[in-house]
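Text of query.tsv, listed as TSV, C-alpha atoms:
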chain	number	residue	atom	x	y	z
A	1	MET	CA	-8.25	-28.63	30.11
A	2	THR	CA	-10.44	-25.61	29.32
A	3	LYS	CA	-8.75	-23.13	27.04
A	4	ARG	CA	-8.43	-19.51	28.18
A	5	MET	CA	-10.71	-18.10	25.47
A	6	GLU	CA	-13.18	-20.98	25.22
A	7	GLY	CA	-16.63	-19.78	24.16
A	8	LYS	CA	-15.56	-16.20	23.44
A	9	VAL	CA	-16.06	-14.37	20.14
A	10	ALA	CA	-13.18	-12.06	19.21
A	11	LEU	CA	-12.81	-9.50	16.42
A	12	VAL	CA	-9.28	-8.58	15.32
A	13	THR	CA	-8.69	-5.82	12.76
A	14	GLY	CA	-5.65	-5.52	10.51
A	15	GLY	CA	-5.15	-9.26	10.41
A	16	ALA	CA	-3.56	-9.77	6.98
A	17	SER	CA	0.12	-8.92	7.35
A	18	ARG	CA	2.57	-11.73	8.18
A	19	PRO	CA	4.69	-11.43	10.14
A	20	GLY	CA	2.42	-8.88	11.77
A	21	LEU	CA	0.64	-8.09	15.01
A	22	GLY	CA	-2.91	-8.72	13.78
A	23	SER	CA	-2.22	-12.16	12.37
A	24	ALA	CA	-0.28	-13.18	15.49
A	25	ILE	CA	-3.09	-11.95	17.75
A	26	ALA	CA	-5.75	-13.76	15.73
A	27	GLU	CA	-3.72	-16.98	15.80
A	28	ARG	CA	-3.05	-16.75	19.54
A	29	LEU	CA	-6.67	-16.08	20.51
A	30	ALA	CA	-7.82	-18.93	18.26
A	31	GLU	CA	-5.26	-21.28	19.81
A	32	GLU	CA	-6.89	-20.60	23.16
A	33	GLY	CA	-10.36	-21.45	21.91
A	34	ALA	CA	-11.82	-18.15	20.68
A	35	ILE	CA	-14.03	-17.90	17.62
A	36	VAL	CA	-12.01	-15.29	15.73
A	37	VAL	CA	-13.27	-12.86	13.11
A	38	ALA	CA	-10.23	-11.32	11.41
A	39	THR	CA	-10.61	-8.33	9.10
A	40	ASP	CA	-8.44	-6.26	6.78
A	41	VAL	CA	-8.63	-4.12	3.65
A	42	ASP	CA	-6.46	-6.87	2.13
A	43	LEU	CA	-9.10	-9.60	1.90
A	44	SER	CA	-6.90	-12.21	0.23
A	45	GLY	CA	-4.22	-11.67	2.86
A	46	VAL	CA	-6.55	-12.10	5.81
A	47	GLU	CA	-8.19	-15.10	4.13
A	48	ALA	CA	-4.78	-16.78	3.99
A	49	VAL	CA	-4.24	-16.13	7.71
A	50	VAL	CA	-7.66	-17.53	8.56
A	51	ALA	CA	-7.12	-20.58	6.33
A	52	ASP	CA	-4.04	-21.49	8.37
A	53	ILE	CA	-5.92	-20.99	11.65
A	54	VAL	CA	-8.70	-23.28	10.48
A	55	ALA	CA	-6.19	-25.84	9.20
A	56	ASN	CA	-4.76	-25.98	12.72
A	57	GLY	CA	-8.17	-26.94	14.10
A	58	SER	CA	-9.45	-23.58	15.37
A	59	GLN	CA	-12.45	-21.48	14.38
A	60	ALA	CA	-11.90	-18.30	12.38
A	61	PHE	CA	-13.53	-16.21	9.69
A	62	ALA	CA	-12.13	-13.57	7.33
A	63	LEU	CA	-13.92	-10.40	6.26
A	64	HIS	CA	-13.03	-7.28	4.29
A	65	GLN	CA	-13.14	-4.08	6.34
A	66	ASP	CA	-12.31	-0.40	6.01
A	67	VAL	CA	-11.93	0.58	9.66
A	68	ALA	CA	-12.54	4.25	8.85
A	69	SER	CA	-16.12	3.54	7.75
A	70	GLU	CA	-18.69	4.10	10.51
A	71	GLN	CA	-21.41	2.31	8.56
A	72	GLY	CA	-19.01	-0.54	7.88
A	73	TRP	CA	-18.43	-0.95	11.61
A	74	LYS	CA	-22.14	-1.07	12.34
A	75	GLU	CA	-22.71	-3.68	9.65
A	76	LEU	CA	-19.72	-5.77	10.73
A	77	VAL	CA	-20.62	-5.89	14.42
A	78	GLY	CA	-24.27	-6.49	13.52
A	79	SER	CA	-23.29	-9.47	11.38
A	80	ILE	CA	-21.12	-10.90	14.18
A	81	ILE	CA	-24.04	-10.65	16.62
A	82	ALA	CA	-26.36	-12.26	14.05
A	83	ASP	CA	-23.94	-15.12	13.33
A	84	HIS	CA	-22.47	-15.77	16.78
A	85	GLY	CA	-24.85	-14.14	19.25
A	86	ARG	CA	-22.28	-11.93	20.95
A	87	LEU	CA	-19.00	-10.03	20.73
A	88	ASP	CA	-16.75	-10.60	23.72
A	89	VAL	CA	-13.45	-9.14	22.54
A	90	LEU	CA	-12.43	-6.39	20.14
A	91	VAL	CA	-8.78	-5.84	19.23
A	92	ASN	CA	-8.38	-2.58	17.31
A	93	ASN	CA	-5.05	-3.41	15.69
A	94	ALA	CA	-5.33	-1.92	12.18
A	95	GLY	CA	-2.98	1.01	11.76
A	96	ILE	CA	-0.59	2.77	9.42
A	97	LEU	CA	2.72	4.60	9.79
A	98	GLU	CA	3.82	7.45	7.55
A	99	ILE	CA	7.15	9.14	8.25
A	100	ALA	CA	7.23	12.91	7.66
A	101	GLU	CA	9.07	15.80	9.31
A	102	ILE	CA	6.72	18.56	10.49
A	103	GLU	CA	7.56	20.87	7.54
A	104	ASP	CA	7.59	18.20	4.84
A	105	ALA	CA	5.29	18.81	1.88
A	106	ASN	CA	3.21	15.75	2.73
A	107	ALA	CA	3.13	16.27	6.52
A	108	ASN	CA	-0.51	17.36	6.57
A	109	ASP	CA	-1.57	14.42	4.41
A	110	ALA	CA	0.33	12.08	6.72
A	111	LEU	CA	-1.50	13.56	9.70
A	112	MET	CA	-4.94	13.11	8.16
A	113	ASN	CA	-4.21	9.63	6.82
A	114	GLN	CA	-2.97	8.36	10.16
A	115	PHE	CA	-5.76	9.94	12.17
A	116	LYS	CA	-8.31	8.44	9.78
A	117	VAL	CA	-7.04	4.88	10.31
A	118	ASN	CA	-5.30	4.91	13.68
A	119	VAL	CA	-7.66	7.16	15.63
A	120	ALA	CA	-11.01	7.20	13.83
A	121	GLY	CA	-10.76	3.49	13.07
A	122	SER	CA	-10.16	2.58	16.71
A	123	TYR	CA	-12.70	5.09	17.99
A	124	LEU	CA	-15.47	3.90	15.67
A	125	GLY	CA	-14.71	0.28	16.48
A	126	THR	CA	-14.76	0.95	20.20
A	127	SER	CA	-18.10	2.72	19.89
A	128	ALA	CA	-19.66	-0.14	17.93
A	129	ALA	CA	-18.28	-2.75	20.32
A	130	VAL	CA	-19.50	-0.93	23.43
A	131	SER	CA	-23.05	-0.91	22.05
A	132	ALA	CA	-22.89	-4.65	21.39
A	133	MET	CA	-21.17	-5.58	24.65
A	134	ARG	CA	-23.66	-3.66	26.78
A	135	GLN	CA	-26.38	-5.94	25.42
A	136	THR	CA	-24.56	-9.15	26.40
A	137	GLY	CA	-23.10	-8.32	29.80
A	138	GLY	CA	-19.67	-6.92	29.03
A	139	GLY	CA	-16.44	-7.64	27.25
A	140	SER	CA	-12.88	-6.53	26.63
A	141	ILE	CA	-11.66	-3.90	24.17
A	142	ILE	CA	-7.93	-3.78	23.46
A	143	ASN	CA	-6.69	-0.83	21.45
A	144	ILE	CA	-3.20	-1.19	19.99
A	145	SER	CA	-1.29	2.03	20.51
A	146	SER	CA	2.53	2.19	20.46
A	147	ILE	CA	5.46	3.35	22.53
A	148	ALA	CA	5.15	6.30	20.12
A	149	GLY	CA	2.02	7.13	22.11
A	150	LEU	CA	4.24	7.53	25.19
A	151	VAL	CA	7.45	9.16	23.94
A	152	GLY	CA	8.46	11.22	20.92
A	153	PHE	CA	10.15	9.98	17.75
A	154	ARG	CA	11.73	12.31	15.23
A	155	GLY	CA	9.93	12.32	11.89
A	156	SER	CA	6.81	10.79	13.40
A	157	ALA	CA	4.89	13.73	14.86
A	158	ALA	CA	1.64	12.72	13.17
A	159	TYR	CA	2.04	9.05	14.13
A	160	THR	CA	2.87	9.83	17.75
A	161	ALA	CA	-0.09	12.21	17.92
A	162	SER	CA	-2.39	9.49	16.61
A	163	LYS	CA	-1.11	6.83	19.01
A	164	GLY	CA	-1.26	9.22	21.96
A	165	ALA	CA	-4.87	9.92	21.04
A	166	VAL	CA	-5.64	6.18	21.06
A	167	LYS	CA	-4.27	5.93	24.60
A	168	MET	CA	-6.25	8.86	25.96
A	169	PHE	CA	-9.63	8.17	24.38
A	170	SER	CA	-9.34	4.59	25.61
A	171	LYS	CA	-8.94	5.82	29.19
A	172	SER	CA	-12.03	8.00	28.85
A	173	VAL	CA	-14.14	5.17	27.43
A	174	ALA	CA	-12.90	2.91	30.23
A	175	LEU	CA	-14.48	5.30	32.72
A	176	GLU	CA	-17.75	5.35	30.78
A	177	THR	CA	-18.02	1.56	30.59
A	178	ALA	CA	-16.53	0.24	33.83
A	179	ARG	CA	-19.94	-0.28	35.47
A	180	ASP	CA	-21.07	-2.20	32.39
A	181	ASN	CA	-18.31	-4.80	32.84
A	182	ILE	CA	-16.59	-3.56	29.68
A	183	ARG	CA	-12.84	-3.25	30.04
A	184	VAL	CA	-10.87	-0.90	27.77
A	185	ASN	CA	-7.08	-1.04	27.76
A	186	THR	CA	-4.20	-0.15	25.45
A	187	VAL	CA	-1.13	-2.14	24.43
A	188	HIS	CA	2.00	-0.23	23.47
A	189	PRO	CA	4.37	-2.32	21.33
A	190	GLY	CA	7.97	-1.32	21.09
A	191	ILE	CA	10.17	-2.21	18.13
A	192	ILE	CA	8.68	-5.46	16.85
A	193	GLU	CA	9.99	-7.58	13.97
A	194	THR	CA	7.05	-7.27	11.57
A	195	ASN	CA	6.67	-6.68	7.84
A	196	MET	CA	6.50	-2.94	8.54
A	197	GLN	CA	9.76	-3.03	10.50
A	198	ARG	CA	11.49	-5.20	7.89
A	199	ALA	CA	10.49	-2.76	5.17
A	200	ALA	CA	11.94	0.12	7.18
A	201	VAL	CA	15.26	-1.65	7.74
A	202	GLY	CA	15.47	-3.25	4.30
A	203	ASP	CA	18.72	-5.11	3.64
A	204	ASN	CA	20.75	-2.86	5.92
A	205	ASN	CA	22.00	-5.36	8.51
A	206	ALA	CA	24.06	-2.71	10.27
A	207	HIS	CA	20.93	-0.61	10.80
A	208	TYR	CA	19.07	-3.67	12.09
A	209	ASP	CA	21.89	-4.41	14.54
A	210	ALA	CA	21.95	-0.78	15.73
A	211	ILE	CA	18.21	-0.86	16.42
A	212	ALA	CA	18.52	-4.14	18.33
A	213	GLU	CA	21.44	-2.77	20.35
A	214	SER	CA	19.36	0.27	21.39
A	215	ILE	CA	16.88	-2.03	23.14
A	216	PRO	CA	17.91	-3.02	26.70
A	217	MET	CA	17.03	-6.68	26.06
A	218	GLY	CA	19.25	-6.61	22.97
A	219	ARG	CA	16.68	-7.75	20.42
A	220	MET	CA	13.53	-6.72	18.63
A	221	GLY	CA	10.28	-8.15	19.93
A	222	GLN	CA	8.29	-10.80	18.10
A	223	PRO	CA	4.61	-10.44	17.15
A	224	LYS	CA	3.76	-13.23	19.58
A	225	ASP	CA	5.10	-11.08	22.45
A	226	ILE	CA	2.28	-8.63	21.73
A	227	ALA	CA	-0.23	-11.41	21.12
A	228	ASN	CA	0.44	-12.89	24.55
A	229	CYS	CA	-0.22	-9.54	26.23
A	230	VAL	CA	-3.45	-9.18	24.26
A	231	LEU	CA	-4.45	-12.70	25.29
A	232	PHE	CA	-4.18	-11.75	28.96
A	233	LEU	CA	-6.36	-8.67	28.45
A	234	ALA	CA	-8.89	-10.61	26.36
A	235	SER	CA	-9.22	-13.43	28.88
A	236	ASP	CA	-11.00	-13.57	32.23
A	237	GLU	CA	-7.60	-13.30	33.91
A	238	SER	CA	-7.84	-9.50	33.55
A	239	THR	CA	-11.37	-8.92	34.87
A	240	TYR	CA	-10.16	-6.17	37.26
A	241	VAL	CA	-8.04	-4.34	34.68
A	242	THR	CA	-9.35	-1.33	32.78
A	243	GLY	CA	-8.09	2.07	31.68
A	244	ALA	CA	-4.48	0.84	31.76
A	245	GLU	CA	-1.62	0.84	29.29
A	246	PHE	CA	0.62	-2.18	28.82
A	247	VAL	CA	4.10	-1.49	27.48
A	248	VAL	CA	5.77	-4.40	25.67
A	249	ASP	CA	9.09	-2.98	24.47
A	250	GLY	CA	12.03	-4.90	25.93
A	251	GLY	CA	12.73	-1.97	28.25
A	252	TYR	CA	13.14	0.62	25.47
A	253	THR	CA	11.09	3.39	27.14
A	254	THR	CA	12.78	2.95	30.53
A	255	GLN	CA	15.90	4.69	29.18
Show me the file's structure as structure tokens.
Amino acid sequence: MTKRMEGKVALVTGGASRPGLGSAIAERLAEEGAIVVATDVDLSGVEAVVADIVANGSQAFALHQDVASEQGWKELVGSIIADHGRLDVLVNNAGILEIAEIEDANANDALMNQFKVNVAGSYLGTSAAVSAMRQTGGGSIINISSIAGLVGFRGSAAYTASKGAVKMFSKSVALETARDNIRVNTVHPGIIETNMQRAAVGDNNAHYDAIAESIPMGRMGQPKDIANCVLFLASDESTYVTGAEFVVDGGYTTQ
């Protein structure tokens, strides 16, 4: 049976953290036959993820990347084209979260830090991928936003602003590239059980239970829930889907 991503080359940023979205996405795309290039500022971390993917019989490569570097993006995409001949899928997953009330002393720093990684990183990656995909007949760009790009969260004004920006620039690029067979969509994870979420909850089981109870499905999502949505958008099953946002949150934002 032909796998859903057979013959496709996919780049996934922010692939080091486990459990995390990037590692789960890289693993899922590789399982379905993609040649995966996974990147992160944490090279040893992403190398460990890729080593496991390769050990399971799939193709994957690990590279260091600062997603906020425009020159770095050009060099990375150029090397992928040189090594593999094409780039079919880009998943802009790398992102950071800094909690700060609007009048906190570090609020402005939090804003700039998150826009540098979450917005500029995704924007620069999208630009580099569009240039490459236009040369090879199209592709799929999936930008990871958040439900914080759809609704407000106290203490996260800068983060919500950055994730809302990811959603809206993606829609604009989707219009620019639709006739080039390049699809651009956003995925909006809800509360997912990742390293970042575990760090926020810590050892407070009561807080964990309260968060889970606030979700209509009664549980936090798993990284693979997001990876499966990304797989659909990366595959040829979504060839008529662009400029859309996919909410994967257990019903949280329906309340």
If you count all atoms listed in the file, which residues fall within 12 Å of segment 104-112 of chain A, apart from same-chain ones fewer than 4 positions away, as number ranges by chain?
-> A: 68, 96-100, 116-120, 155-163
Counting all atoms listed in the file, note down every residue that has an atom within 12 Å of the point (-3.1, -14.0, 28.4) (file coordinates), as a list in words.
-> Lys3, Arg4, Met5, Ile25, Arg28, Leu29, Glu31, Glu32, Lys224, Asp225, Ile226, Ala227, Asn228, Cys229, Val230, Leu231, Phe232, Leu233, Ala234, Ser235, Asp236, Glu237, Ser238 and Thr239 of chain A
Can you work out the spacing between atom CA of His84 of chain A and atom CA of His64 of chain A in Å, to one decimal?
->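 Separating atom CA of His84 of chain A from atom CA of His64 of chain A is a distance of 17.8 Å.
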Could you build a table of the residues in segment 36-106 of chain A lying no more than 6 Å from segment 134-144 of chain A, giving for each the nearest pair of atoms and their separation in Å rounded to one decimal place, using all atoms listed in the file, ordered by chain and ascending residue number, as CSV?
residue,atom,partner,partner_atom,distance
A:Asp88,CA,A:Gly139,CA,4.6
A:Val89,CA,A:Ser140,CA,4.9
A:Leu90,CA,A:Ile141,CA,4.8
A:Val91,CA,A:Ile142,CA,4.8
A:Asn92,CA,A:Asn143,CA,4.8
A:Asn93,CA,A:Ile144,CA,5.2
Could you name the residues that touch segment 184-190 of chain A at 7 Å or less, counting all atoms listed in the file, but leaving out those on the same chain fewer than 3 positions away, as a list in words?
->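 These residues fall inside the cut-off: Ser140, Ile141, Ile142, Asn143, Ile144, Ser145, Ser146, Ile147, Lys167, Ser170, Val173, Ala174, Ile226, Thr242, Gly243, Ala244, Glu245, Phe246, Val247, Val248 and Asp249 of chain A.
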For the atom pair atom CA of Ala210 of chain A and atom CA of Gly164 of chain A, what is the interatomic distance in Å to one decimal place?
->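 Taking atom CA of Ala210 of chain A as the start and atom CA of Gly164 of chain A as the end point, the length is 26.0 Å.
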The distance between atom CA of Arg154 of chain A and atom CA of Ile191 of chain A is 14.9 Å
Between A:Phe115, A:Tyr208, A:Phe61, A:Phe169, which has the minimum distance to Ala34 of chain A (counting all atoms listed in the file)?
->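 Smallest separation from Ala34 of chain A among the options: A:Phe61.
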Of the candidates A:Phe153, A:Leu124, A:Ile35, A:Asp209, which one gets nearest to Arg86 of chain A if we count only C-alpha atoms?
-> A:Ile35
